[in-house]
$ cat model_5.cif   # mmCIF, C-alpha atoms (C1' of nucleotides)
data_target
loop_
_atom_site.label_atom_id
_atom_site.label_comp_id
_atom_site.auth_asym_id
_atom_site.auth_seq_id
_atom_site.Cartn_x
_atom_site.Cartn_y
_atom_site.Cartn_z
CA MET M 1 14.30 -1.26 -12.01
CA THR M 2 10.78 -1.93 -10.74
CA ALA M 3 10.43 -5.04 -8.62
CA SER M 4 7.82 -7.69 -9.36
CA LEU M 5 4.32 -7.50 -7.99
CA ASP M 6 5.14 -10.84 -6.37
CA SER M 7 7.97 -9.45 -4.32
CA ILE M 8 6.17 -6.22 -3.46
CA PHE M 9 2.97 -7.85 -2.23
CA ALA M 10 4.96 -10.52 -0.39
CA ALA M 11 7.00 -7.82 1.33
CA LEU M 12 3.81 -6.04 2.39
CA ALA M 13 2.26 -9.23 3.78
CA ASP M 14 4.28 -9.12 6.99
CA PRO M 15 3.16 -6.84 9.86
CA THR M 16 6.72 -6.20 11.03
CA ARG M 17 7.67 -4.99 7.58
CA ARG M 18 4.58 -2.80 7.29
CA ALA M 19 5.40 -1.30 10.68
CA ILE M 20 8.94 -0.58 9.48
CA LEU M 21 7.56 1.21 6.43
CA ALA M 22 5.27 3.27 8.65
CA MET M 23 8.26 4.24 10.81
CA LEU M 24 10.24 5.27 7.75
CA LEU M 25 7.30 7.40 6.65
CA GLU M 26 8.24 9.68 9.53
CA ASP M 27 11.96 9.76 8.99
CA ASP M 28 14.98 7.99 7.56
CA MET M 29 16.55 5.70 10.15
CA ALA M 30 19.62 3.56 10.70
CA VAL M 31 19.18 -0.20 11.08
CA THR M 32 19.65 -0.33 14.86
CA ASP M 33 17.06 2.39 15.33
CA VAL M 34 14.62 0.59 13.07
CA ALA M 35 15.07 -2.53 15.20
CA GLU M 36 14.61 -0.80 18.55
CA PRO M 37 10.80 -1.13 18.96
CA PHE M 38 10.68 -4.80 17.98
CA ALA M 39 11.01 -7.84 20.20
CA MET M 40 13.28 -9.69 17.82
CA SER M 41 16.96 -9.88 16.99
CA LEU M 42 18.83 -7.35 14.92
CA ALA M 43 19.60 -10.08 12.41
CA ALA M 44 15.88 -10.69 11.91
CA ILE M 45 15.29 -6.98 11.27
CA SER M 46 18.23 -6.95 8.89
CA LYS M 47 16.55 -9.72 6.92
CA HIS M 48 13.25 -7.84 6.86
CA LEU M 49 15.07 -4.79 5.53
CA GLY M 50 16.60 -6.99 2.85
CA VAL M 51 13.15 -8.13 1.78
CA LEU M 52 11.95 -4.53 1.64
CA GLU M 53 14.98 -3.46 -0.34
CA ARG M 54 14.64 -6.29 -2.86
CA ALA M 55 11.06 -5.13 -3.39
CA ASN M 56 12.41 -1.60 -3.88
CA LEU M 57 10.17 -0.40 -1.09
CA ILE M 58 13.16 1.10 0.68
CA ALA M 59 16.68 2.13 -0.29
CA GLN M 60 19.66 1.60 2.00
CA GLU M 61 22.73 3.76 1.92
CA LYS M 62 25.80 3.21 4.04
CA ARG M 63 27.34 6.35 5.52
CA GLY M 64 30.13 5.66 7.94
CA ARG M 65 29.17 2.64 9.98
CA LEU M 66 25.50 3.52 9.87
CA LYS M 67 23.28 2.21 7.11
CA TRP M 68 20.44 4.57 6.48
CA CYS M 69 17.08 3.26 5.36
CA LYS M 70 14.69 5.46 3.48
CA LEU M 71 11.25 4.88 2.08
CA GLU M 72 10.77 4.57 -1.69
CA PRO M 73 7.07 5.32 -2.05
CA ALA M 74 7.26 5.12 -5.83
CA ALA M 75 7.52 1.34 -5.57
CA LEU M 76 3.91 1.27 -4.46
CA LYS M 77 2.63 2.72 -7.68
CA ALA M 78 2.57 -0.56 -9.61
CA PRO M 79 0.61 -2.58 -7.04
CA SER M 80 -1.60 0.39 -6.31
CA VAL M 81 -2.59 0.64 -9.95
CA TRP M 82 -3.12 -3.10 -10.09
CA MET M 83 -5.39 -3.07 -7.07
CA GLN M 84 -7.41 -0.03 -7.90
CA SER M 85 -8.44 -1.46 -11.22
CA PHE M 86 -10.62 -3.94 -9.35
CA GLY M 87 -12.93 -1.32 -8.01
CA GLN M 88 -13.10 2.41 -7.78
CA PHE M 89 -12.67 3.52 -4.23
CA ASP M 90 -13.19 6.87 -2.64
CA PRO M 91 -10.26 9.25 -2.88
CA VAL M 92 -7.61 8.55 -0.30
CA ASN M 93 -8.70 9.41 3.18
CA LEU M 94 -5.83 9.92 5.59
CA ASP M 95 -8.12 9.38 8.57
CA ASP M 96 -8.76 5.86 7.31
CA PHE M 97 -5.03 5.34 7.26
CA GLU M 98 -4.57 6.51 10.83
CA ARG M 99 -7.31 4.11 11.85
CA PHE M 100 -5.67 1.14 10.15
CA LEU M 101 -2.32 2.02 11.63
CA ALA M 102 -3.81 2.32 15.11
CA ALA M 103 -5.54 -1.05 14.73
CA GLU M 104 -2.30 -2.68 13.66
CA ILE M 105 -0.34 -1.19 16.51
CA LYS M 106 -2.99 -2.40 18.94
CA LEU M 107 -2.74 -5.90 17.53
CA ARG M 108 1.02 -5.91 17.98
CA SER M 109 1.02 -4.40 21.46
CA SER M 110 0.60 -7.71 23.31
CA ASP M 111 3.71 -9.03 21.60
CA ALA M 112 5.60 -5.82 22.16
CA ALA M 113 4.74 -5.94 25.86
CA GLN M 114 7.19 -8.76 26.48
CA GLU M 115 9.99 -6.30 25.86
CA SER M 116 10.85 -4.11 28.82
CA MET K 1 -15.86 -9.20 8.35
CA THR K 2 -12.76 -7.61 6.81
CA ALA K 3 -9.76 -9.88 6.53
CA SER K 4 -6.35 -8.86 7.82
CA LEU K 5 -3.92 -6.91 5.71
CA ASP K 6 -1.60 -9.88 6.24
CA SER K 7 -3.92 -12.32 4.55
CA ILE K 8 -4.90 -9.93 1.77
CA PHE K 9 -1.36 -8.98 0.77
CA ALA K 10 -0.23 -12.60 1.09
CA ALA K 11 -3.08 -13.68 -1.18
CA LEU K 12 -2.06 -11.06 -3.75
CA ALA K 13 1.59 -12.12 -3.68
CA ASP K 14 1.02 -15.15 -5.90
CA PRO K 15 0.79 -14.71 -9.69
CA THR K 16 -1.65 -17.59 -10.10
CA ARG K 17 -4.00 -15.98 -7.62
CA ARG K 18 -3.69 -12.56 -9.25
CA ALA K 19 -4.46 -14.16 -12.60
CA ILE K 20 -7.55 -15.79 -11.10
CA LEU K 21 -8.72 -12.42 -9.81
CA ALA K 22 -8.19 -10.91 -13.26
CA MET K 23 -10.27 -13.70 -14.80
CA LEU K 24 -13.06 -13.13 -12.29
CA LEU K 25 -12.99 -9.45 -13.18
CA GLU K 26 -14.52 -10.50 -16.50
CA ASP K 27 -17.11 -12.93 -15.17
CA ASP K 28 -18.11 -15.22 -12.34
CA MET K 29 -16.80 -18.75 -12.94
CA ALA K 30 -17.10 -22.26 -11.56
CA VAL K 31 -13.97 -23.88 -10.09
CA THR K 32 -13.24 -26.18 -13.03
CA ASP K 33 -13.44 -23.27 -15.44
CA VAL K 34 -11.14 -21.19 -13.26
CA ALA K 35 -8.62 -24.04 -13.35
CA GLU K 36 -8.74 -24.58 -17.10
CA PRO K 37 -5.97 -22.16 -18.23
CA PHE K 38 -3.48 -23.30 -15.59
CA ALA K 39 -0.94 -26.08 -15.83
CA MET K 40 -1.65 -27.41 -12.37
CA SER K 41 -4.06 -29.74 -10.65
CA LEU K 42 -7.62 -28.88 -9.75
CA ALA K 43 -6.76 -29.46 -6.12
CA ALA K 44 -4.06 -26.80 -6.29
CA ILE K 45 -6.52 -24.32 -7.78
CA SER K 46 -9.03 -25.24 -5.10
CA LYS K 47 -6.43 -24.34 -2.48
CA HIS K 48 -5.70 -21.03 -4.19
CA LEU K 49 -9.41 -20.26 -4.17
CA GLY K 50 -9.45 -21.05 -0.47
CA VAL K 51 -6.68 -18.53 0.13
CA LEU K 52 -8.55 -15.90 -1.86
CA GLU K 53 -11.77 -16.61 0.00
CA ARG K 54 -10.12 -16.44 3.42
CA ALA K 55 -8.80 -13.01 2.38
CA ASN K 56 -12.36 -12.11 1.35
CA LEU K 57 -11.11 -11.30 -2.12
CA ILE K 58 -13.66 -13.67 -3.61
CA ALA K 59 -16.91 -15.26 -2.47
CA GLN K 60 -17.85 -18.82 -3.36
CA GLU K 61 -21.41 -20.02 -3.63
CA LYS K 62 -22.43 -23.58 -4.35
CA ARG K 63 -25.34 -23.98 -6.77
CA GLY K 64 -26.02 -27.55 -7.73
CA ARG K 65 -22.71 -29.28 -8.13
CA LEU K 66 -21.03 -26.15 -9.41
CA LYS K 67 -19.34 -23.76 -7.01
CA TRP K 68 -19.39 -20.26 -8.38
CA CYS K 69 -16.57 -17.86 -7.63
CA LYS K 70 -17.10 -14.14 -7.75
CA LEU K 71 -14.84 -11.20 -7.14
CA GLU K 72 -15.25 -9.11 -3.98
CA PRO K 73 -13.52 -5.88 -4.97
CA ALA K 74 -14.44 -4.22 -1.68
CA ALA K 75 -11.79 -6.33 0.06
CA LEU K 76 -9.16 -4.28 -1.72
CA LYS K 77 -10.20 -1.06 -0.09
CA ALA K 78 -8.25 -1.56 3.13
CA PRO K 79 -4.90 -2.38 1.53
CA SER K 80 -5.45 0.25 -1.12
CA VAL K 81 -5.91 2.92 1.52
CA TRP K 82 -2.89 1.61 3.39
CA MET K 83 -0.72 1.78 0.31
CA GLN K 84 -1.85 5.10 -1.01
CA SER K 85 -0.96 6.82 2.21
CA PHE K 86 2.71 6.31 1.34
CA GLY K 87 2.61 8.54 -1.66
CA GLN K 88 0.09 10.32 -3.77
CA PHE K 89 -0.17 8.72 -7.17
CA ASP K 90 -1.90 9.83 -10.29
CA PRO K 91 -5.57 9.01 -10.53
CA VAL K 92 -6.22 5.46 -11.60
CA ASN K 93 -5.26 4.82 -15.17
CA LEU K 94 -6.81 1.75 -16.72
CA ASP K 95 -4.23 1.69 -19.49
CA ASP K 96 -1.55 1.16 -16.87
CA PHE K 97 -3.52 -1.81 -15.63
CA GLU K 98 -3.78 -3.36 -19.09
CA ARG K 99 -0.04 -2.97 -19.43
CA PHE K 100 0.71 -4.72 -16.14
CA LEU K 101 -1.69 -7.49 -16.97
CA ALA K 102 -0.11 -7.99 -20.37
CA ALA K 103 3.35 -8.11 -18.82
CA GLU K 104 2.25 -10.70 -16.33
CA ILE K 105 0.61 -12.87 -18.94
CA LYS K 106 3.77 -12.70 -21.04
CA LEU K 107 5.82 -13.84 -18.05
CA ARG K 108 3.53 -16.78 -17.44
CA SER K 109 3.22 -17.84 -21.07
CA SER K 110 6.34 -20.07 -21.07
CA ASP K 111 4.90 -22.06 -18.18
CA ALA K 112 1.45 -22.18 -19.69
CA ALA K 113 2.89 -23.51 -22.95
CA GLN K 114 3.50 -26.93 -21.43
CA GLU K 115 -0.24 -27.45 -21.41
CA SER K 116 -1.77 -28.45 -24.73
"C1'" DT E 1 46.42 -0.51 17.86
"C1'" DC E 2 42.57 -1.75 20.79
"C1'" DG E 3 38.00 -1.80 22.10
"C1'" DT E 4 33.30 -0.54 20.88
"C1'" DT E 5 29.54 -0.07 17.87
"C1'" DA E 6 26.89 -1.23 13.60
"C1'" DT E 7 25.60 -4.60 10.52
"C1'" DT E 8 25.63 -8.88 8.17
"C1'" DC E 9 26.80 -13.81 7.47
"C1'" DA E 10 26.32 -18.74 8.26
"C1'" DA E 11 24.29 -22.46 10.15
"C1'" DC E 12 20.48 -24.14 12.04
"C1'" DC E 13 15.44 -24.90 13.33
"C1'" DT E 14 10.34 -24.86 12.81
"C1'" DT E 15 6.26 -23.55 10.34
"C1'" DT E 16 4.05 -22.23 6.17
"C1'" DT E 17 3.41 -22.46 1.27
"C1'" DG E 18 2.54 -24.39 -3.06
"C1'" DG E 19 2.42 -28.30 -5.33
"C1'" DT E 20 1.41 -33.57 -6.09
"C1'" DT E 21 -1.63 -37.94 -6.08
"C1'" DG E 22 -5.43 -40.86 -4.94
"C1'" DA E 23 -9.66 -41.45 -2.60
"C1'" DA E 24 -13.95 -39.58 -0.84
"C1'" DG E 25 -18.28 -36.67 -1.01
"C1'" DA E 26 -21.98 -34.46 -3.33
"C1'" DT E 27 -24.91 -33.70 -7.11
"C1'" DG E 28 -27.15 -34.42 -11.57
"C1'" DC E 29 -28.56 -37.57 -15.40
"C1'" DG E 30 -30.44 -41.64 -17.89
"C1'" DC N 1 -30.05 -47.27 -9.01
"C1'" DG N 2 -25.65 -46.66 -11.26
"C1'" DC N 3 -22.48 -43.75 -13.40
"C1'" DA N 4 -20.21 -39.55 -14.62
"C1'" DT N 5 -19.00 -34.93 -13.06
"C1'" DC N 6 -17.49 -31.27 -9.75
"C1'" DT N 7 -15.00 -30.29 -5.80
"C1'" DT N 8 -12.55 -31.13 -1.70
"C1'" DC N 9 -9.88 -34.00 1.63
"C1'" DA N 10 -5.76 -36.36 3.32
"C1'" DA N 11 -1.25 -37.53 3.13
"C1'" DC N 12 2.81 -36.42 1.48
"C1'" DC N 13 6.87 -33.62 -0.36
"C1'" DA N 14 10.28 -29.85 -1.40
"C1'" DA N 15 11.24 -25.24 -0.95
"C1'" DA N 16 10.68 -20.79 1.20
"C1'" DA N 17 9.77 -17.85 5.20
"C1'" DG N 18 10.71 -16.16 9.65
"C1'" DG N 19 13.10 -16.66 13.52
"C1'" DT N 20 17.41 -17.91 16.56
"C1'" DT N 21 22.55 -17.75 17.95
"C1'" DG N 22 27.38 -16.96 17.41
"C1'" DA N 23 31.05 -15.44 14.63
"C1'" DA N 24 32.75 -12.27 11.05
"C1'" DT N 25 33.37 -7.74 8.99
"C1'" DA N 26 33.67 -2.75 8.91
"C1'" DA N 27 34.22 1.71 10.69
"C1'" DC N 28 34.84 4.89 14.38
"C1'" DG N 29 37.09 6.86 18.72
"C1'" DA N 30 40.77 7.05 22.11
#

$ encode --input "model_5.cif" --output "structure tokens"
Amino acid sequence: MTASLDSIFAALADPTRRAILAMLLEDDMAVTDVAEPFAMSLAAISKHLGVLERANLIAQEKRGRLKWCKLEPAALKAPSVWMQSFGQFDPVNLDDFERFLAAEIKLRSSDAAQES
Amino acid sequence: MTASLDSIFAALADPTRRAILAMLLEDDMAVTDVAEPFAMSLAAISKHLGVLERANLIAQEKRGRLKWCKLEPAALKAPSVWMQSFGQFDPVNLDDFERFLAAEIKLRSSDAAQES
DNA sequence: TCGTTATTCAACCTTTTGGTTGAAGATGCG
DNA sequence: CGCATCTTCAACCAAAAGGTTGAATAACGA
């Protein structure tokens, strides 16, 4: 039921996949819509979604010809517990999160620029 | 100063490296001592330590001919914040951590058994 | 049924990863 | 100095990761 720490951490190690998770934090999305912001093929995104699903970080459900992707935040509990045991951090600060997200988006923007 | 989320998550995605971090949670260790429990070459462990150091998860300091490795728990703050933003989990529970660690050690024990 | 849209599959390519072995550098010891 | 010890380097290898393209499959709409 719960995926391995290996597969979860490996899934999180790719910036495209983290960006997908951040998108799904806002809303469930179909595959084509997930792919839209990225300068890579649909097939590549499909593979990324497969990696995320195998790590149980998302669930995919086909309805009609659309396949809806939704976040499974519970999958983060195991690695979160693992990590936190190495040091006690301040309680979660959402501002910190916004900052990290902004930094990541900035880093990706040069790549994204080659798309119209 | 802070390593990328990419390099941190990638470093955490390997069970050997997570086991090394768990060992260093107990005590600082020299490279040869870190390698001792593992059924792989010293060079391989040296590479793993390089990955951990590039992710700032450990620091290495040479004293005499020994190179001491010590945990840098602060490096986990960034990914921890990133992860926690996806769902609010219970406060850290050390028992959970012991359980995960035990499960991981059990998984590795068949491999480890081929060493004397 | 036909064409369009949504998604994946299959084959392929290049780069990275995780391991090996053997030799080379440093450092400490007698 | 000469030797043993600690660690890394270099070259190599197989497998996995991340991407591509083109064809296949599935479902809808007219």

$ atom_distance --input "model_5.cif" --atom1 "CA of Glu26 in chain K" --atom2 "CA of Leu71 in chain K"
9.4 Å

$ residues_around --input "model_5.cif" --residues "DC28 in chain N" --least-positions-apart "2" --cutoff "9 Å" --atoms "all atoms listed in the file" --output "list in words"
Gly64 and Arg65 of chain M; DT4 and DT5 of chain E

$ closest_atom_pairs --input "model_5.cif" --of "chain N" --to "chain K" --cutoff "8 Å" --atoms "all atoms listed in the file" --output "tab-separated table"
residue	atom	partner	partner_atom	distance
N:DC6	C1'	K:Arg65	CA	5.8
N:DT7	C1'	K:Val31	CA	7.8
N:DT8	C1'	K:Ala43	CA	7.5

$ resolve_selection --input "model_5.cif" --expression "the PyMOL selection byres ((chain E) within 10 of (chain M))" --output "PDB file with C-alpha atoms (C1' of nucleotides), in the coordinates of the input"
ATOM      1  C1'  DT E   5      29.540  -0.070  17.870  1.00  0.00           C
ATOM      2  C1'  DA E   6      26.890  -1.230  13.600  1.00  0.00           C
ATOM      3  C1'  DT E   7      25.600  -4.600  10.520  1.00  0.00           C
ATOM      4  C1'  DT E   8      25.630  -8.880   8.170  1.00  0.00           C
ATOM      5  C1'  DC E   9      26.800 -13.810   7.470  1.00  0.00           C
TER       6       DC E   9
END

$ interface_residues --input "model_5.cif" --of "chain M" --to "chain K" --cutoff "6 Å" --atoms "all atoms listed in the file" --output "ChimeraX atom specification"
/M:6,9-10,13-14,73,82,86-87,97

$ residues_around --input "model_5.cif" --residues "range 12-24 of chain E" --least-positions-apart "2" --cutoff "10 Å" --atoms "all atoms listed in the file" --output "compact mmCIF listing (two decimals) with C-alpha atoms (C1' of nucleotides), in the coordinates of the input"
# COMPACT_ATOMS: atom_id res chain seq x y z
CA ASP K 14 1.02 -15.15 -5.90
CA MET K 40 -1.65 -27.41 -12.37
CA SER K 41 -4.06 -29.74 -10.65
CA ALA K 43 -6.76 -29.46 -6.12
CA ALA K 44 -4.06 -26.80 -6.29
CA LYS K 47 -6.43 -24.34 -2.48
CA HIS K 48 -5.70 -21.03 -4.19
C1' DA E 10 26.32 -18.74 8.26
C1' DA E 26 -21.98 -34.46 -3.33
C1' DT N 8 -12.55 -31.13 -1.70
C1' DC N 9 -9.88 -34.00 1.63
C1' DA N 10 -5.76 -36.36 3.32
C1' DA N 11 -1.25 -37.53 3.13
C1' DC N 12 2.81 -36.42 1.48
C1' DC N 13 6.87 -33.62 -0.36
C1' DA N 14 10.28 -29.85 -1.40
C1' DA N 15 11.24 -25.24 -0.95
C1' DA N 16 10.68 -20.79 1.20
C1' DA N 17 9.77 -17.85 5.20
C1' DG N 18 10.71 -16.16 9.65
C1' DG N 19 13.10 -16.66 13.52
C1' DT N 20 17.41 -17.91 16.56
C1' DT N 21 22.55 -17.75 17.95

$ atom_distance --input "model_5.cif" --atom1 "CA of Leu52 in chain M" --atom2 "CA of Pro37 in chain M"
17.7 Å

$ atom_distance --input "model_5.cif" --atom1 "C1' of DC29 in chain E" --atom2 "CA of Trp68 in chain K"
20.8 Å

$ resolve_selection --input "model_5.cif" --expression "the PyMOL selection byres ((chain N and resi 2) around 12)" --output "PyMOL selection string"
(chain E and resi 29-30) or (chain N and resi 1+3-4)

$ write_last_selection --input "model_5.cif" --atoms "C-alpha atoms (C1' of nucleotides)" --output "short mmCIF file (atom, residue, chain, number, x, y, z; two decimals), in the coordinates of the input"
data_model
loop_
_atom_site.label_atom_id
_atom_site.label_comp_id
_atom_site.auth_asym_id
_atom_site.auth_seq_id
_atom_site.Cartn_x
_atom_site.Cartn_y
_atom_site.Cartn_z
"C1'" DC E 29 -28.56 -37.57 -15.40
"C1'" DG E 30 -30.44 -41.64 -17.89
"C1'" DC N 1 -30.05 -47.27 -9.01
"C1'" DC N 3 -22.48 -43.75 -13.40
"C1'" DA N 4 -20.21 -39.55 -14.62
#
